[in-house]
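Heads up, work.cif below (mmCIF, C-alpha atoms and all ligand atoms):
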```cif
data_query
loop_
_atom_site.label_atom_id
_atom_site.label_comp_id
_atom_site.auth_asym_id
_atom_site.auth_seq_id
_atom_site.Cartn_x
_atom_site.Cartn_y
_atom_site.Cartn_z
CA MET A 1 112.82 94.42 89.34
CA ARG A 2 109.84 95.26 91.53
CA LYS A 3 110.32 96.62 95.01
CA LYS A 4 109.45 94.22 97.82
CA ILE A 5 107.49 96.03 100.50
CA ILE A 6 106.18 95.09 103.92
CA ALA A 7 103.92 97.76 105.37
CA GLY A 8 102.36 97.68 108.80
CA ASN A 9 98.97 99.26 109.37
CA TRP A 10 98.65 99.97 113.06
CA LYS A 11 95.09 101.27 112.56
CA MET A 12 93.81 102.93 115.79
CA ASN A 13 96.13 101.06 118.15
CA LYS A 14 98.98 102.09 120.49
CA ASN A 15 99.25 105.40 122.31
CA LEU A 16 102.28 107.56 121.52
CA SER A 17 104.54 105.99 124.12
CA GLU A 18 103.56 102.43 123.14
CA GLY A 19 103.99 103.25 119.46
CA THR A 20 107.41 104.77 120.13
CA ASP A 21 108.46 101.62 122.00
CA LEU A 22 107.28 99.41 119.14
CA ALA A 23 109.09 101.50 116.53
CA ASN A 24 112.28 101.49 118.63
CA GLU A 25 112.11 97.72 119.06
CA LEU A 26 111.64 97.26 115.36
CA SER A 27 114.47 99.64 114.56
CA GLU A 28 116.83 97.58 116.73
CA ILE A 29 115.79 94.34 115.03
CA LEU A 30 116.18 95.85 111.56
CA THR A 31 119.57 97.34 112.43
CA SER A 32 120.92 93.95 113.45
CA SER A 33 119.65 92.14 110.35
CA SER A 34 119.85 92.86 106.66
CA THR A 35 116.97 92.83 104.21
CA ASP A 36 116.25 94.14 100.75
CA VAL A 37 112.62 94.67 101.71
CA GLU A 38 111.31 98.22 102.09
CA VAL A 39 109.59 98.50 105.46
CA ILE A 40 106.80 101.04 106.02
CA LEU A 41 104.90 101.77 109.23
CA GLY A 42 101.35 103.09 108.83
CA VAL A 43 100.83 104.86 112.13
CA PRO A 44 98.18 107.21 113.57
CA PHE A 45 98.56 110.91 112.67
CA THR A 46 99.62 111.72 116.24
CA HIS A 47 102.63 109.38 115.91
CA LEU A 48 103.94 110.34 112.46
CA ASP A 49 106.53 112.91 113.48
CA LYS A 50 107.94 110.87 116.36
CA VAL A 51 108.06 107.52 114.56
CA ALA A 52 109.56 109.09 111.43
CA SER A 53 112.46 110.43 113.53
CA ILE A 54 113.34 107.04 115.05
CA SER A 55 115.07 105.20 112.23
CA ASP A 56 116.02 105.26 108.59
CA LYS A 57 115.33 101.50 108.50
CA PHE A 58 111.66 102.18 107.80
CA SER A 59 109.50 104.85 106.19
CA VAL A 60 106.37 106.17 107.78
CA SER A 61 102.87 106.34 106.30
CA ALA A 62 99.66 108.08 107.31
CA GLN A 63 96.47 106.03 107.16
CA ASN A 64 94.32 108.69 105.51
CA CYS A 65 94.37 112.36 104.49
CA SER A 66 91.89 115.12 103.83
CA ALA A 67 90.42 115.51 100.35
CA GLN A 68 90.86 119.29 100.79
CA GLU A 69 94.07 121.21 100.45
CA SER A 70 93.67 123.51 103.48
CA GLY A 71 91.18 125.75 105.23
CA ALA A 72 88.11 125.54 107.44
CA TYR A 73 87.83 121.76 107.75
CA THR A 74 87.85 121.14 111.48
CA GLY A 75 89.52 117.91 112.49
CA GLU A 76 91.01 117.17 109.07
CA ILE A 77 94.69 116.57 108.31
CA SER A 78 96.12 117.77 105.00
CA THR A 79 98.73 116.16 102.77
CA LYS A 80 101.09 119.10 103.38
CA MET A 81 100.80 118.56 107.14
CA ILE A 82 101.55 114.86 106.68
CA LEU A 83 104.56 115.63 104.49
CA SER A 84 105.90 118.07 107.09
CA THR A 85 106.14 115.24 109.67
CA GLY A 86 108.65 113.30 107.58
CA ALA A 87 106.08 110.75 106.37
CA LYS A 88 106.59 109.43 102.85
CA TYR A 89 103.36 107.51 102.21
CA VAL A 90 99.60 107.66 102.73
CA ILE A 91 97.36 104.59 102.83
CA LEU A 92 94.19 105.41 100.88
CA GLY A 93 90.93 103.57 100.28
CA HIS A 94 91.23 101.09 103.12
CA SER A 95 88.04 99.04 103.38
CA GLU A 96 87.49 100.27 106.93
CA ARG A 97 87.36 103.83 105.65
CA ARG A 98 85.13 102.82 102.74
CA ALA A 99 82.76 101.04 105.17
CA TYR A 100 82.74 103.34 108.22
CA HIS A 101 83.37 106.72 106.58
CA GLN A 102 81.54 106.13 103.28
CA GLU A 103 84.65 106.91 101.25
CA ASN A 104 83.98 106.32 97.58
CA ASN A 105 86.18 106.20 94.53
CA ALA A 106 85.40 109.84 93.64
CA ASP A 107 86.61 111.03 97.10
CA LEU A 108 89.69 108.91 96.60
CA VAL A 109 90.55 110.60 93.28
CA LYS A 110 90.92 113.90 95.14
CA LYS A 111 93.04 112.35 97.88
CA VAL A 112 95.27 110.47 95.43
CA ASP A 113 95.85 113.66 93.42
CA LEU A 114 96.71 115.73 96.50
CA CYS A 115 99.14 113.10 97.78
CA LEU A 116 100.97 112.80 94.48
CA SER A 117 101.15 116.54 93.89
CA ASP A 118 102.60 116.96 97.41
CA ASN A 119 105.20 114.23 96.85
CA LEU A 120 103.62 111.62 99.08
CA LYS A 121 103.45 108.10 97.72
CA VAL A 122 100.13 106.28 97.84
CA ILE A 123 99.34 102.79 99.10
CA TYR A 124 95.98 102.28 97.41
CA CYS A 125 93.76 99.58 98.91
CA CYS A 126 91.22 97.55 97.00
CA GLY A 127 89.35 94.34 97.69
CA GLU A 128 85.96 92.68 97.57
CA LEU A 129 83.40 91.74 100.23
CA LEU A 130 82.67 88.06 100.82
CA SER A 131 79.24 88.44 99.18
CA GLU A 132 80.92 89.90 96.09
CA ARG A 133 83.33 86.95 95.88
CA ASP A 134 80.52 84.47 96.48
CA SER A 135 78.55 85.96 93.61
CA GLY A 136 81.59 85.89 91.32
CA ASN A 137 81.91 89.70 91.11
CA HIS A 138 85.28 90.06 92.80
CA PHE A 139 87.30 90.82 89.67
CA GLU A 140 84.79 93.42 88.51
CA ILE A 141 84.72 95.14 91.93
CA VAL A 142 88.49 95.37 92.21
CA LYS A 143 88.73 96.58 88.62
CA SER A 144 86.26 99.41 89.25
CA GLN A 145 88.01 100.44 92.48
CA ILE A 146 91.28 100.75 90.58
CA GLU A 147 89.93 102.23 87.34
CA GLU A 148 87.79 104.89 88.98
CA ALA A 149 90.41 106.14 91.44
CA LEU A 150 93.70 105.67 89.56
CA PHE A 151 93.31 105.44 85.80
CA HIS A 152 93.32 109.22 85.30
CA LEU A 153 96.99 109.18 86.41
CA SER A 154 100.00 109.31 84.10
CA ALA A 155 102.49 106.43 83.94
CA GLU A 156 104.95 108.54 85.93
CA GLN A 157 102.35 109.09 88.66
CA ILE A 158 101.52 105.37 88.79
CA SER A 159 105.21 104.75 89.54
CA ARG A 160 104.55 106.46 92.89
CA VAL A 161 101.58 104.22 93.73
CA VAL A 162 101.62 100.85 95.48
CA ILE A 163 98.53 98.63 95.31
CA ALA A 164 97.33 96.66 98.34
CA TYR A 165 94.83 93.90 97.57
CA GLU A 166 92.93 93.27 100.76
CA PRO A 167 89.89 90.99 100.46
CA VAL A 168 87.54 92.37 103.11
CA TRP A 169 86.58 88.88 104.27
CA ALA A 170 90.22 88.22 105.22
CA ILE A 171 90.82 91.40 107.24
CA GLY A 172 91.09 90.74 110.95
CA THR A 173 89.16 87.49 110.60
CA GLY A 174 92.00 84.97 110.82
CA VAL A 175 90.85 83.67 107.41
CA THR A 176 93.60 84.35 104.86
CA ALA A 177 93.09 84.17 101.13
CA SER A 178 94.87 81.10 99.83
CA SER A 179 98.13 81.85 98.06
CA ALA A 180 96.42 80.74 94.83
CA GLN A 181 93.55 83.21 95.38
CA ALA A 182 96.05 86.01 96.10
CA GLN A 183 98.15 85.16 93.04
CA GLU A 184 95.06 85.00 90.81
CA MET A 185 93.89 88.47 91.87
CA HIS A 186 97.35 90.03 91.81
CA ALA A 187 97.95 88.74 88.27
CA TYR A 188 94.54 90.09 87.28
CA ILE A 189 95.35 93.52 88.78
CA ARG A 190 98.66 93.58 86.88
CA SER A 191 96.81 92.67 83.68
CA ILE A 192 94.39 95.58 83.95
CA PHE A 193 97.35 97.96 84.35
CA THR A 194 98.90 96.35 81.28
CA ASP A 195 95.71 96.96 79.29
CA LYS A 196 95.73 100.62 80.28
CA TYR A 197 99.46 101.50 80.41
CA GLY A 198 101.33 98.85 78.41
CA VAL A 199 103.87 96.40 79.84
CA ASP A 200 106.46 98.58 81.61
CA VAL A 201 104.23 100.26 84.22
CA PRO A 202 102.74 97.06 85.70
CA GLN A 203 106.11 95.30 85.68
CA ALA A 204 107.39 97.97 88.08
CA LEU A 205 104.19 98.11 90.19
CA SER A 206 104.38 96.58 93.67
CA ILE A 207 101.17 94.76 94.60
CA LEU A 208 100.85 93.86 98.29
CA TYR A 209 98.53 91.33 99.88
CA GLY A 210 96.66 92.17 103.11
CA GLY A 211 94.31 90.16 105.29
CA SER A 212 95.26 87.98 108.28
CA CYS A 213 98.85 87.72 107.09
CA LYS A 214 101.03 86.36 109.89
CA PRO A 215 104.40 84.67 110.41
CA SER A 216 102.88 81.21 109.82
CA ASN A 217 101.43 81.99 106.37
CA ALA A 218 103.57 84.87 105.05
CA GLN A 219 106.19 82.76 103.29
CA GLU A 220 103.62 80.78 101.32
CA ILE A 221 101.76 83.92 100.20
CA PHE A 222 104.96 85.80 99.30
CA SER A 223 106.23 82.85 97.27
CA LYS A 224 103.75 83.73 94.52
CA GLU A 225 105.06 85.52 91.48
CA ASP A 226 102.76 88.53 91.55
CA VAL A 227 102.77 89.06 95.33
CA ASP A 228 105.35 91.76 96.05
CA GLY A 229 104.77 92.09 99.77
CA GLY A 230 102.14 92.62 102.41
CA LEU A 231 100.02 95.19 104.22
CA ILE A 232 99.90 93.82 107.73
CA GLY A 233 97.35 94.75 110.40
CA GLY A 234 97.28 92.83 113.69
CA ALA A 235 100.67 91.16 113.26
CA SER A 236 102.38 94.55 112.76
CA LEU A 237 101.63 95.44 116.39
CA ASN A 238 104.24 93.01 117.65
CA ALA A 239 107.87 93.65 116.63
CA ASN A 240 108.82 89.95 116.57
CA ASP A 241 105.84 88.89 114.47
CA PHE A 242 106.31 91.82 112.09
CA SER A 243 110.03 91.18 111.65
CA GLN A 244 109.36 87.49 110.98
CA ILE A 245 106.98 88.57 108.22
CA ILE A 246 109.67 90.91 106.81
CA ASN A 247 112.10 88.00 106.82
CA ALA A 248 109.59 85.69 105.14
CA PHE A 249 110.74 86.93 101.72
P1 LIG A 301 94.90 92.13 109.48
O1 LIG A 301 96.32 91.78 109.11
O2 LIG A 301 94.73 92.41 110.95
O3 LIG A 301 93.91 91.13 108.94
O4 LIG A 301 94.57 93.52 108.76
C1 LIG A 301 94.87 93.67 107.43
C2 LIG A 301 94.68 95.10 107.08
O5 LIG A 301 93.56 95.59 107.09
C3 LIG A 301 95.86 95.89 106.77
O6 LIG A 301 95.52 97.12 106.22
#
```
Output the file's structure as structure tokens, nothing else.
Amino acid sequence: MRKKIIAGNWKMNKNLSEGTDLANELSEILTSSSTDVEVILGVPFTHLDKVASISDKFSVSAQNCSAQESGAYTGEISTKMILSTGAKYVILGHSERRAYHQENNADLVKKVDLCLSDNLKVIYCCGELLSERDSGNHFEIVKSQIEEALFHLSAEQISRVVIAYEPVWAIGTGVTASSAQAQEMHAYIRSIFTDKYGVDVPQALSILYGGSCKPSNAQEIFSKEDVDGGLIGGASLNANDFSQIINAF
């Protein structure tokens, strides 16, 4: 049985006191309800330690890490530093980092390897631009993002990776992929893992959908067979909205 996961990606929002309030609010809601969904909060580096100490109802994720292990890299944050905060996950390859920080699949190989060797799980983001979907290249693009950054890993290492399919045209736009579009891509992603690793690895692989997911559309998207959860941006900044999405399973 695949793990159901709802992960919030706070991006660059909330100062430490606001983030602490949000995490506390969420902790209270999760304590008074029961769910079999794993909840993850992707918070800014400055919040990792504090938010990780608030509750065992959720795990904490960084939103990036350095591609270097340690040393003279001013302003960078290493995987070992992230691990020392109590964080369990790192979001890698988000389209905002690919677009604004020119992260490519080769950079991501280094980051993925460092995370896994330091016992951090990876939430690996992939997804096409609107122009790539319009020209019919969306499957090819997603395949290359996955192949080039992940297919050097062993089956055991893949068991510590979660995939987040986030079509770039749906991120922060209010335009969600239809549940049929999400299902089609998720099934495709599972099939390329099957081609590479055989049937067991992809059957255990959680594939999350991200892009304008909100309480009003979450249930429909999560009803699809190959959608194992969501990576939630804007709606994760409000405890009520986020908990409604968690309860949409
Ligand atoms: P939105 O939910 O705000 O569209 O963001 C999705 C996202 O980028 C999560 O990583």
Can I get the residues close to ligand LIG 301 (chain A) as a ChimeraX atom specification, where close means within 10 Å and we count all atoms listed in the file? /A:7-11,42,63,91-96,123,125,164-176,209-214,230-237
Go through A:Arg98, A:Gln219, A:Ser178, A:Leu116 and flag the residue nearest Glu128 of chain A, using all atoms listed in the file for the distances.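 That would be A:Arg98, the residue with the smallest distance to Glu128 of chain A.
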For Ile29 of chain A, which residue among A:Ser55, A:Gln203, A:Ser223, A:Asn104 is the nearest when counting all atoms listed in the file?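 Ranking A:Ser55, A:Gln203, A:Ser223, A:Asn104 by distance to Ile29 of chain A, first place goes to A:Ser55.
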Ranking A:Ala23, A:Ala218, A:Ile6, A:Ala67 by minimum distance to Val37 of chain A and counting all atoms listed in the file, which one comes first? A:Ile6
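In terms of minimum interatomic distance to Glu103 of chain A, A:Cys65 ranks closest within A:Ile82, A:Ala155, A:Cys115, A:Cys65, counting all atoms listed in the file.
Distance annotation: of A:Ser117, A:Thr46, A:Asn105, A:Gln244, the residue with the minimal separation from Lys80 of chain A is A:Ser117; atom set is all atoms listed in the file.
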Which residues come within 12 Å of Lys50 of chain A, counting all atoms listed in the file, excluding same-chain residues fewer than 6 positions away, as a list of chain:residue names?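 Residues meeting the cut-off are A:Asn15, A:Leu16, A:Ser17, A:Glu18, A:Gly19, A:Thr20, A:Asp21, A:Leu22, A:Ala23, A:Asn24, A:Leu41, A:Val43, A:Pro44, A:Ser59, A:Val60, A:Ser84, A:Thr85, A:Gly86, A:Ala87.
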Quote the spacing between atom CA of Val90 of chain A and atom CA of Lys121 of chain A in Å to one decimal place.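 So the two atoms, atom CA of Val90 of chain A and atom CA of Lys121 of chain A, lie 6.3 Å apart.
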If you measure from atom CA of Leu83 of chain A to atom CA of Ala52 of chain A, what distance in Å do you get, rounded to one decimal?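 We find that atom CA of Leu83 of chain A and atom CA of Ala52 of chain A lie 10.8 Å from each other.
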May I ask for the distance between atom CA of Thr31 of chain A and atom CA of His47 of chain A, given in Å to one decimal place?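 Calculated distance between atom CA of Thr31 of chain A and atom CA of His47 of chain A is 21.1 Å.
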Could you check which of A:Asp49, A:Asp118, A:Asp56, A:Glu184 is closest to Leu30 of chain A, using only C-alpha atoms?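 Checking each candidate against Leu30 of chain A, we get A:Asp56 as the closest.
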Might you pull out every residue within 9 Å of Ile158 of chain A, with all atoms listed in the file counted and same-chain residues fewer than 4 positions away left off, and present them as an mmCIF file with C-alpha atoms, in the coordinates of the input?
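Heads up, here's the output in around-v8.cif:
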```
data_model
loop_
_atom_site.group_PDB
_atom_site.id
_atom_site.type_symbol
_atom_site.label_atom_id
_atom_site.label_comp_id
_atom_site.auth_asym_id
_atom_site.auth_seq_id
_atom_site.Cartn_x
_atom_site.Cartn_y
_atom_site.Cartn_z
ATOM 1 C CA LEU A 150 93.700 105.670 89.560
ATOM 2 C CA PHE A 151 93.310 105.440 85.800
ATOM 3 C CA LEU A 153 96.990 109.180 86.410
ATOM 4 C CA SER A 154 100.000 109.310 84.100
ATOM 5 C CA VAL A 162 101.620 100.850 95.480
ATOM 6 C CA VAL A 201 104.230 100.260 84.220
ATOM 7 C CA PRO A 202 102.740 97.060 85.700
ATOM 8 C CA LEU A 205 104.190 98.110 90.190
#
```
